[in-house]
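Structure below is data23.txt: compact mmCIF, C-alpha atoms.
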# COMPACT_ATOMS: atom_id res chain seq x y z
CA MET N 178 16.50 -50.63 11.43
CA ALA N 179 15.73 -48.13 8.70
CA GLN N 180 14.58 -44.66 9.64
CA GLU N 181 11.98 -42.63 7.85
CA ASN N 182 10.40 -39.25 8.35
CA PHE N 183 6.80 -38.87 9.36
CA THR N 184 5.06 -35.50 9.34
CA PHE N 185 2.13 -35.03 11.66
CA THR N 186 -0.45 -32.47 10.59
CA LEU N 187 -2.87 -30.58 12.82
CA PRO N 188 -5.74 -33.04 13.28
CA ASP N 189 -9.40 -32.19 12.96
CA LEU N 190 -10.30 -31.02 16.46
CA GLY N 191 -14.01 -31.39 15.82
CA GLU N 192 -16.90 -29.01 16.11
CA GLY N 193 -16.19 -27.46 12.74
CA LEU N 194 -12.94 -25.91 13.94
CA VAL N 195 -10.64 -25.04 11.06
CA GLU N 196 -7.55 -23.79 12.86
CA ALA N 197 -5.77 -23.61 16.19
CA THR N 198 -3.15 -21.40 17.78
CA VAL N 199 0.03 -23.00 19.07
CA LEU N 200 0.38 -22.07 22.73
CA GLU N 201 3.44 -24.03 23.79
CA TRP N 202 5.50 -26.85 22.40
CA GLN N 203 6.03 -29.67 24.87
CA VAL N 204 8.93 -31.04 22.80
CA ALA N 205 11.97 -29.60 21.04
CA VAL N 206 13.95 -30.58 17.99
CA GLY N 207 16.15 -33.51 18.88
CA ASP N 208 13.86 -34.85 21.61
CA VAL N 209 12.97 -38.50 21.53
CA VAL N 210 9.28 -38.77 22.35
CA GLU N 211 7.07 -41.68 23.23
CA ARG N 212 3.79 -42.32 21.50
CA ASN N 213 0.99 -40.49 23.35
CA ALA N 214 3.41 -38.24 25.21
CA PRO N 215 2.34 -34.57 25.32
CA LEU N 216 3.40 -33.00 22.04
CA VAL N 217 1.97 -29.54 21.73
CA GLU N 218 -0.55 -27.35 23.48
CA VAL N 219 -2.95 -25.53 21.18
CA GLU N 220 -5.95 -23.29 21.68
CA THR N 221 -9.06 -23.09 19.56
CA THR N 222 -11.98 -20.71 19.89
CA LYS N 223 -13.60 -23.38 22.07
CA SER N 224 -10.92 -24.76 24.33
CA ALA N 225 -7.28 -25.38 25.08
CA VAL N 226 -5.97 -28.83 24.23
CA VAL N 227 -2.79 -30.84 24.66
CA ILE N 228 -2.25 -32.98 21.56
CA PRO N 229 -0.45 -36.25 22.25
CA SER N 230 2.24 -37.58 19.98
CA PRO N 231 0.88 -40.03 17.39
CA LYS N 232 4.26 -41.74 17.09
CA ALA N 233 7.37 -42.65 18.95
CA GLY N 234 10.36 -41.03 17.34
CA ARG N 235 12.87 -38.23 17.30
CA VAL N 236 11.66 -34.72 16.57
CA VAL N 237 13.46 -33.33 13.52
CA GLU N 238 11.36 -30.25 12.75
CA LEU N 239 8.66 -28.11 14.32
CA HIS N 240 6.61 -26.46 11.59
CA ALA N 241 4.92 -23.75 13.66
CA GLU N 242 6.08 -21.25 16.21
CA GLU N 243 4.32 -20.46 19.44
CA GLU N 244 1.41 -18.04 18.95
CA GLN N 245 1.20 -19.06 15.28
CA VAL N 246 -2.20 -19.97 13.85
CA VAL N 247 -2.15 -23.34 12.08
CA PRO N 248 -4.94 -24.51 9.76
CA VAL N 249 -6.25 -28.07 10.21
CA GLY N 250 -4.23 -30.33 7.93
CA ASP N 251 -1.09 -28.19 7.90
CA PRO N 252 2.19 -29.70 9.12
CA LEU N 253 2.87 -29.46 12.84
CA VAL N 254 5.93 -31.60 13.43
CA THR N 255 8.17 -34.04 11.60
CA PHE N 256 9.53 -37.11 13.36
CA GLU N 257 12.20 -39.54 12.42
CA VAL N 258 10.67 -42.91 13.16
CA GLU N 259 11.59 -46.53 12.80
CA ALA N 260 10.42 -47.73 9.41
CA ALA N 261 7.80 -50.40 9.83
CA ALA N 262 9.40 -53.31 7.99
CA ASP N 263 6.32 -55.48 7.97
CA ALA N 264 3.78 -52.81 7.19
CA PRO N 265 2.66 -51.95 3.70
CA GLN N 266 4.36 -48.77 2.54
CA ALA N 267 1.16 -47.41 1.12
CA GLY N 268 -1.89 -46.66 3.20
CA ILE N 269 -0.21 -45.75 6.45
CA VAL N 270 -1.28 -42.16 6.43
CA GLY N 271 -4.33 -42.63 8.62
CA ARG N 272 -4.54 -40.91 11.95
CA VAL N 273 -3.73 -42.88 15.04
CA PRO N 274 -6.48 -42.82 17.65
CA ALA N 275 -4.80 -41.21 20.60
CA GLU N 276 -6.68 -42.76 23.47
CA GLU N 277 -8.05 -46.05 22.24
CA ALA N 278 -6.34 -48.07 24.95
CA ARG N 279 -7.54 -46.02 27.84
CA PRO N 280 -10.25 -47.18 30.21
CA ALA N 281 -12.45 -44.39 29.05
CA ARG N 282 -16.02 -43.79 29.84
CA ARG N 283 -18.46 -45.73 27.76
CA VAL N 284 -21.43 -43.47 28.10
CA ARG N 285 -20.41 -40.92 25.54
CA LEU N 286 -23.40 -41.76 23.40
CA ARG N 287 -26.08 -39.30 24.24
CA PRO N 288 -29.54 -40.45 25.16
CA PRO N 289 -32.39 -38.91 23.20
CA SER N 290 -32.86 -35.45 24.58
CA ASP N 291 -36.24 -33.98 25.16
CA MET V 240 -19.03 -45.96 34.61
CA SER V 241 -22.03 -44.25 36.02
CA ALA V 242 -23.42 -43.30 39.38
CA ASN V 243 -27.13 -43.49 39.85
CA LEU V 244 -27.53 -41.44 42.90
CA ALA V 245 -30.36 -41.15 45.30
CA GLY V 246 -32.61 -38.47 43.99
CA ASP V 247 -33.58 -37.86 40.43
CA VAL V 248 -30.40 -36.39 38.96
CA THR V 249 -27.80 -38.84 37.69
CA MET V 250 -24.18 -37.75 37.72
CA ARG V 251 -21.84 -39.73 35.49
CA TYR V 252 -18.11 -39.94 36.02
CA VAL V 253 -14.94 -41.74 35.09
CA ASP V 254 -12.67 -43.55 37.53
CA LEU V 255 -9.20 -43.91 36.02
CA ARG V 256 -6.86 -46.14 37.93
CA PRO V 257 -3.15 -46.02 37.17
CA GLN V 258 -1.35 -49.16 36.06
CA ALA V 259 1.23 -48.56 38.74
CA SER V 260 -0.20 -46.89 41.80
CA GLY V 261 2.02 -44.42 43.57
CA GLY V 262 0.07 -44.83 46.77
CA GLY V 263 -1.33 -41.30 46.83
CA VAL V 264 -4.94 -40.48 47.55
CA PRO V 265 -7.24 -40.28 44.51
CA VAL V 266 -7.55 -36.95 42.76
CA LEU V 267 -11.01 -35.55 42.18
CA LEU V 268 -11.09 -33.23 39.15
CA LEU V 269 -13.94 -30.72 39.02
CA HIS V 270 -14.45 -29.03 35.67
CA GLY V 271 -15.63 -25.51 34.99
CA PHE V 272 -18.95 -24.07 33.92
CA GLY V 273 -20.17 -25.25 30.54
CA THR V 274 -17.48 -27.87 29.96
CA ASP V 275 -17.11 -31.45 31.16
CA PHE V 276 -14.41 -33.80 32.39
CA SER V 277 -13.33 -34.77 28.92
CA MET V 278 -12.95 -31.25 27.59
CA ASN V 279 -11.67 -29.48 30.69
CA TRP V 280 -9.25 -32.11 31.95
CA ARG V 281 -8.66 -35.03 29.63
CA ALA V 282 -8.15 -33.00 26.46
CA ALA V 283 -5.93 -30.60 28.37
CA GLY V 284 -3.52 -33.37 29.31
CA TRP V 285 -4.46 -33.87 32.95
CA ALA V 286 -5.67 -37.45 32.96
CA GLN V 287 -2.45 -38.57 31.35
CA ALA V 288 -0.20 -36.50 33.61
CA LEU V 289 -1.86 -37.73 36.80
CA GLU V 290 -1.89 -41.31 35.58
CA ALA V 291 1.82 -41.03 34.83
CA ALA V 292 2.30 -39.85 38.40
CA GLY V 293 0.58 -43.01 39.63
CA LEU V 294 -2.54 -41.20 40.80
CA ARG V 295 -6.10 -42.41 40.49
CA VAL V 296 -8.37 -39.86 38.86
CA ILE V 297 -12.06 -39.49 39.60
CA GLY V 298 -13.67 -37.22 37.04
CA PRO V 299 -17.36 -36.42 37.20
CA ASP V 300 -19.41 -34.53 34.70
CA LEU V 301 -21.13 -32.18 37.13
CA ARG V 302 -24.92 -31.97 36.99
CA GLY V 303 -26.08 -29.89 34.07
CA HIS V 304 -22.95 -30.79 32.14
CA GLY V 305 -21.52 -33.38 29.77
CA THR V 306 -23.04 -36.83 30.12
CA SER V 307 -24.85 -36.10 33.37
CA ASP V 308 -28.49 -35.16 33.77
CA LYS V 309 -29.39 -31.55 33.11
CA PRO V 310 -32.29 -30.29 35.17
CA ALA V 311 -33.71 -26.97 34.02
CA ASP V 312 -34.60 -25.41 37.38
CA SER V 313 -32.11 -23.16 39.11
CA ALA V 314 -32.78 -24.67 42.56
CA SER V 315 -31.13 -27.89 41.34
CA TYR V 316 -27.86 -26.00 41.00
CA LEU V 317 -27.37 -24.70 44.50
CA PRO V 318 -23.82 -25.51 45.57
CA GLU V 319 -24.96 -27.97 48.24
CA HIS V 320 -26.52 -30.20 45.57
CA PHE V 321 -23.23 -30.47 43.72
CA VAL V 322 -21.49 -31.26 47.00
CA ALA V 323 -24.09 -33.94 47.78
CA ASP V 324 -23.53 -35.49 44.34
CA LEU V 325 -19.80 -35.64 44.96
CA LEU V 326 -20.07 -37.11 48.45
CA ALA V 327 -22.55 -39.73 47.24
CA MET V 328 -20.13 -40.67 44.47
CA LEU V 329 -17.21 -41.00 46.91
CA ASP V 330 -19.40 -43.11 49.19
CA GLU V 331 -20.36 -45.36 46.31
CA LEU V 332 -16.70 -45.75 45.36
CA GLY V 333 -15.71 -46.38 48.96
CA VAL V 334 -13.20 -43.54 48.80
CA ASP V 335 -12.63 -41.94 52.19
CA LYS V 336 -10.40 -39.09 51.13
CA VAL V 337 -9.45 -37.25 47.96
CA ASP V 338 -7.31 -34.38 46.83
CA VAL V 339 -9.52 -31.99 44.91
CA VAL V 340 -8.50 -29.96 41.86
CA GLY V 341 -11.06 -27.55 40.49
CA TYR V 342 -11.17 -25.09 37.66
CA SER V 343 -13.38 -22.01 37.69
CA MET V 344 -16.83 -23.12 38.87
CA GLY V 345 -15.24 -26.42 39.82
CA SER V 346 -12.94 -24.51 42.17
CA ARG V 347 -15.85 -22.85 43.88
CA LEU V 348 -17.37 -26.33 44.37
CA ALA V 349 -14.05 -27.71 45.60
CA TRP V 350 -14.08 -24.99 48.23
CA GLU V 351 -17.65 -25.87 49.23
CA LEU V 352 -16.78 -29.57 49.39
CA ALA V 353 -13.80 -28.89 51.62
CA LEU V 354 -15.86 -26.69 53.95
CA THR V 355 -18.72 -29.20 54.08
CA ALA V 356 -16.67 -32.37 54.51
CA PRO V 357 -13.13 -31.43 55.56
CA GLU V 358 -12.49 -34.98 56.70
CA ARG V 359 -12.90 -36.20 53.12
CA VAL V 360 -10.48 -33.69 51.59
CA GLY V 361 -6.69 -33.86 51.78
CA ARG V 362 -5.51 -31.01 49.58
CA VAL V 363 -7.31 -28.44 47.53
CA VAL V 364 -6.29 -26.77 44.27
CA LEU V 365 -8.35 -23.86 42.99
CA GLY V 366 -7.59 -23.14 39.34
CA GLY V 367 -8.87 -20.10 37.48
CA PHE V 368 -10.62 -18.83 40.55
CA GLY V 369 -10.74 -15.74 42.72
CA PRO V 370 -13.06 -14.37 45.37
CA LYS V 371 -14.77 -11.82 43.17
CA ASN V 372 -18.32 -12.36 41.95
CA ALA V 373 -17.99 -14.28 38.68
CA PHE V 374 -21.42 -13.08 37.57
CA ALA V 375 -20.86 -9.38 38.18
CA GLY V 376 -22.59 -7.24 35.58
CA ALA V 377 -24.37 -10.12 33.89
CA ASP V 378 -28.16 -10.21 33.55
CA LEU V 379 -28.82 -13.83 34.50
CA SER V 380 -32.43 -13.67 33.33
CA ASP V 381 -30.86 -13.60 29.89
CA PRO V 382 -27.27 -14.79 30.21
CA GLY V 383 -25.01 -14.06 27.29
CA SER V 384 -26.93 -10.93 26.34
CA GLY V 385 -24.40 -8.46 27.71
CA ASP V 386 -20.68 -7.91 27.72
CA ALA V 387 -19.80 -8.85 31.27
CA PRO V 388 -17.04 -11.45 31.63
CA PHE V 389 -19.62 -14.10 32.41
CA ASP V 390 -21.63 -13.22 29.29
CA LEU V 391 -18.58 -14.00 27.18
CA VAL V 392 -18.07 -17.31 28.95
CA TYR V 393 -21.72 -18.20 28.55
CA ARG V 394 -21.81 -17.42 24.85
CA THR V 395 -18.78 -19.59 24.25
CA VAL V 396 -20.01 -22.63 26.12
CA ALA V 397 -23.73 -22.40 25.26
CA ALA V 398 -22.83 -23.02 21.62
CA LEU V 399 -20.81 -26.16 22.30
CA PRO V 400 -22.29 -29.40 20.98
CA GLY V 401 -24.02 -31.38 23.70
CA ASN V 402 -24.58 -28.44 25.97
CA ASP V 403 -28.08 -27.50 27.05
CA ALA V 404 -28.27 -23.71 27.11
CA ALA V 405 -31.36 -23.64 29.33
CA ALA V 406 -29.73 -25.94 31.87
CA LEU V 407 -26.56 -23.82 31.86
CA ALA V 408 -28.60 -20.66 32.42
CA ALA V 409 -30.35 -22.38 35.34
CA CYS V 410 -26.96 -23.47 36.65
CA ALA V 411 -25.67 -19.89 36.53
CA ARG V 412 -28.71 -18.61 38.41
CA GLY V 413 -28.42 -21.35 41.03
CA GLN V 414 -24.74 -20.62 41.60
CA ALA V 415 -25.28 -16.86 41.65
CA SER V 416 -28.00 -17.15 44.26
CA ARG V 417 -25.33 -18.25 46.73
CA PRO V 418 -22.46 -15.85 46.07
CA PHE V 419 -19.03 -17.10 47.01
CA ASP V 420 -17.97 -15.96 50.45
CA ALA V 421 -14.34 -16.15 51.49
CA ASP V 422 -15.54 -16.10 55.09
CA PRO V 423 -15.07 -18.51 56.74
CA PRO V 424 -11.69 -19.04 55.11
CA LEU V 425 -10.51 -22.51 54.26
CA THR V 426 -7.92 -23.28 56.89
CA GLY V 427 -6.30 -26.46 58.07
CA ILE V 428 -6.26 -27.89 54.53
CA PRO V 429 -3.25 -27.34 52.25
CA LEU V 430 -4.38 -24.96 49.54
CA LEU V 431 -2.92 -24.00 46.16
CA LEU V 432 -4.39 -21.44 43.78
CA VAL V 433 -3.26 -21.29 40.16
CA SER V 434 -4.42 -18.80 37.60
CA GLY V 435 -3.37 -17.19 34.36
CA ALA V 436 -1.78 -13.76 34.72
CA GLY V 437 -4.48 -12.40 32.41
CA ASP V 438 -7.41 -14.20 34.03
CA THR V 439 -9.83 -11.44 35.02
CA LEU V 440 -12.17 -13.95 36.68
CA ALA V 441 -9.39 -14.94 39.06
CA GLU V 442 -8.65 -11.47 40.37
CA GLY V 443 -7.83 -11.59 44.06
CA ALA V 444 -6.54 -15.15 43.93
CA ALA V 445 -3.25 -14.20 45.57
CA GLU V 446 -5.02 -12.45 48.44
CA LEU V 447 -7.37 -15.40 48.91
CA ALA V 448 -4.41 -17.77 49.08
CA GLU V 449 -2.69 -15.58 51.64
CA ARG V 450 -5.81 -15.32 53.75
CA CYS V 451 -6.06 -19.12 53.90
CA GLY V 452 -2.35 -19.72 54.46
CA GLY V 453 -2.07 -21.18 50.97
CA THR V 454 0.05 -20.54 47.91
CA HIS V 455 -0.73 -18.77 44.65
CA VAL V 456 0.99 -19.60 41.38
CA GLU V 457 0.53 -17.31 38.40
CA VAL V 458 0.85 -18.65 34.86
CA PRO V 459 2.42 -15.97 32.67
CA GLY V 460 0.74 -15.09 29.41
CA ARG V 461 -2.40 -17.08 30.05
CA ASP V 462 -6.04 -16.16 30.55
CA HIS V 463 -9.13 -17.90 31.90
CA ALA V 464 -9.62 -19.95 28.74
CA ASN V 465 -6.11 -21.27 28.24
CA ALA V 466 -4.40 -21.56 31.60
CA VAL V 467 -5.89 -24.98 32.25
CA SER V 468 -3.79 -26.78 29.65
CA SER V 469 -0.50 -25.16 30.57
CA ARG V 470 2.36 -27.39 31.57
CA LEU V 471 3.31 -25.00 34.35
CA PHE V 472 -0.14 -25.40 35.93
CA ARG V 473 0.02 -29.19 35.77
CA GLN V 474 3.52 -29.27 37.18
CA ALA V 475 2.60 -26.93 40.04
CA VAL V 476 -0.27 -29.24 40.95
CA LEU V 477 1.82 -32.41 40.68
CA ASP V 478 4.45 -30.87 42.94
CA PHE V 479 1.79 -29.73 45.41
CA LEU V 480 0.08 -33.13 45.53
CA ALA V 481 3.41 -34.92 46.02
CA ASP V 482 4.60 -32.50 48.69
Would you mind giving the structure from this file in structure tokens?
Amino acid sequence: MAQENFTFTLPDLGEGLVEATVLEWQVAVGDVVERNAPLVEVETTKSAVVIPSPKAGRVVELHAEEEQVVPVGDPLVTFEVEAAADAPQAGIVGRVPAEEARPARRVRLRPPSD
Amino acid sequence: MSANLAGDVTMRYVDLRPQASGGGVPVLLLHGFGTDFSMNWRAAGWAQALEAAGLRVIGPDLRGHGTSDKPADSASYLPEHFVADLLAMLDELGVDKVDVVGYSMGSRLAWELALTAPERVGRVVLGGFGPKNAFAGADLSDPGSGDAPFDLVYRTVAALPGNDAAALAACARGQASRPFDADPPLTGIPLLLVSGAGDTLAEGAAELAERCGGTHVEVPGRDHANAVSSRLFRQAVLDFLAD
């Protein structure tokens, strides 16, 4: 099957955060990673976060070094992935929800506070 | 999922069961001051790592935090109330025994839980925790106003969306009114302490581990805020729980 490159950018981590510091890569160039596997550990001014891989694929480039500050939207990592033969070639740039399949809590909506 | 406990404070939690159980006891994850299960543990990669190890994860939002009720009086935050919440939750779930992993304030509560109900606790991990007074130098009538380590923590978390600053201040006062005491030591329960090498709030962790016959693992290059997501920390805990 055809291969294509996919570059994952630092996602919006919420709360108005505009950048994050790379603490430790959980993958290296050449690694084959599963979707949702730990990809990189980053720290914001609010918390430390492990970002899961949005794709299954082989890592071909890491765009930031450890301790480097990366703005939201800048490239983090490029994967070589299987080209999706049946998917439209345009419009596949959306972010993949990382935890949609998990049996997560359903009470995230906040009740009216007093 | 939600636990409506006896009393007037509702603690909400998640109960994550692995697709393939490894047969271990469930792991109770207790988050730190001013965060919640999602931020402290899930976002830091813990839910996934424990699930991959075949372990069931029980993750409450402690009272005053996250999705749980947030009373504004400090008496609601005495350690025994947190312990009662946790035991009521385990009773409701029908879980006889858990391994407990805490971070920061959650570690202090893990200690209290293990002292109060040792028959319910298999192993204990205290992350980001030491025996020194976490509130030293802070004026808790106006938390965040000074430059003590706790003031810095308070200022960071009080500004987080969803947090109730008044409830967190009450929580700090309730916790501080019962200072941590390493006496009696926690003995007879396997104990692991893990802390960042630069974590000033965890000073004395190695001595506390030794005193209890436990182990201390130091995470190089990390501090109180960023040790929790480190791979080394997770791996140390997975090894300890599987031991």
Practice task
Take the point (-10.1, -41.4, 50.4) in the file's coordinates, draw a sphere of radius 8 Å around it, and report as a list in words every protein, DNA or RNA residue with an atom inside or on it, counting all atoms listed in the file.
Solution key: Val264, Pro265, Leu329, Gly333, Val334, Asp335, Lys336, Val337, Arg359 and Val360 of chain V
Since we have the selection now, will you write its residues out, keeping C-alpha atoms, as a short mmCIF file (atom, residue, chain, number, x, y, z; two decimals), in the coordinates of the input?
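Contents of part_5.cif, freshly written:
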data_model
loop_
_atom_site.label_atom_id
_atom_site.label_comp_id
_atom_site.auth_asym_id
_atom_site.auth_seq_id
_atom_site.Cartn_x
_atom_site.Cartn_y
_atom_site.Cartn_z
CA VAL V 264 -4.94 -40.48 47.55
CA PRO V 265 -7.24 -40.28 44.51
CA LEU V 329 -17.21 -41.00 46.91
CA GLY V 333 -15.71 -46.38 48.96
CA VAL V 334 -13.20 -43.54 48.80
CA ASP V 335 -12.63 -41.94 52.19
CA LYS V 336 -10.40 -39.09 51.13
CA VAL V 337 -9.45 -37.25 47.96
CA ARG V 359 -12.90 -36.20 53.12
CA VAL V 360 -10.48 -33.69 51.59
#
Handout entry: Given only C-alpha atoms as the counted atoms, nearest of N:Glu201, N:Glu259, N:Glu192, N:Asp208 to Val226 of chain N
Key = N:Glu201
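Shortest separation to chain N among V:Ala373, V:Leu407, V:Leu268, V:Ala466 occurs at residue V:Ala466, atoms counted being only C-alpha atoms.
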Exercise for the section: Determine, counting all atoms listed in the file, which protein, DNA and RNA residues have an atom within 7 Å of an atom of segment 449-463 of chain V; residues of the same chain fewer than 2 positions away are not included. Present the result as a PyMOL selection string. Expected result: chain V and resi 367+424-426+429-438+440+444-447+465-466+471-472
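Of note, atom CA of Thr255 of chain N and atom CA of Arg235 of chain N are spaced 8.5 Å apart.
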Give me the residues near Asp378 of chain V as an mmCIF file with C-alpha atoms, keeping the file's coordinate frame, where near means some atom within 12 Å (using all atoms listed in the file) and where sequence neighbours in that chain fewer than 6 positions away do not count.
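This is the output file out_18.cif:
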data_model
loop_
_atom_site.group_PDB
_atom_site.id
_atom_site.type_symbol
_atom_site.label_atom_id
_atom_site.label_comp_id
_atom_site.auth_asym_id
_atom_site.auth_seq_id
_atom_site.Cartn_x
_atom_site.Cartn_y
_atom_site.Cartn_z
ATOM 1 C CA SER V 384 -26.930 -10.930 26.340
ATOM 2 C CA GLY V 385 -24.400 -8.460 27.710
ATOM 3 C CA ASP V 386 -20.680 -7.910 27.720
ATOM 4 C CA ALA V 387 -19.800 -8.850 31.270
ATOM 5 C CA PRO V 388 -17.040 -11.450 31.630
ATOM 6 C CA PHE V 389 -19.620 -14.100 32.410
ATOM 7 C CA ASP V 390 -21.630 -13.220 29.290
ATOM 8 C CA TYR V 393 -21.720 -18.200 28.550
ATOM 9 C CA ALA V 408 -28.600 -20.660 32.420
ATOM 10 C CA ALA V 411 -25.670 -19.890 36.530
ATOM 11 C CA ARG V 412 -28.710 -18.610 38.410
ATOM 12 C CA ALA V 415 -25.280 -16.860 41.650
#
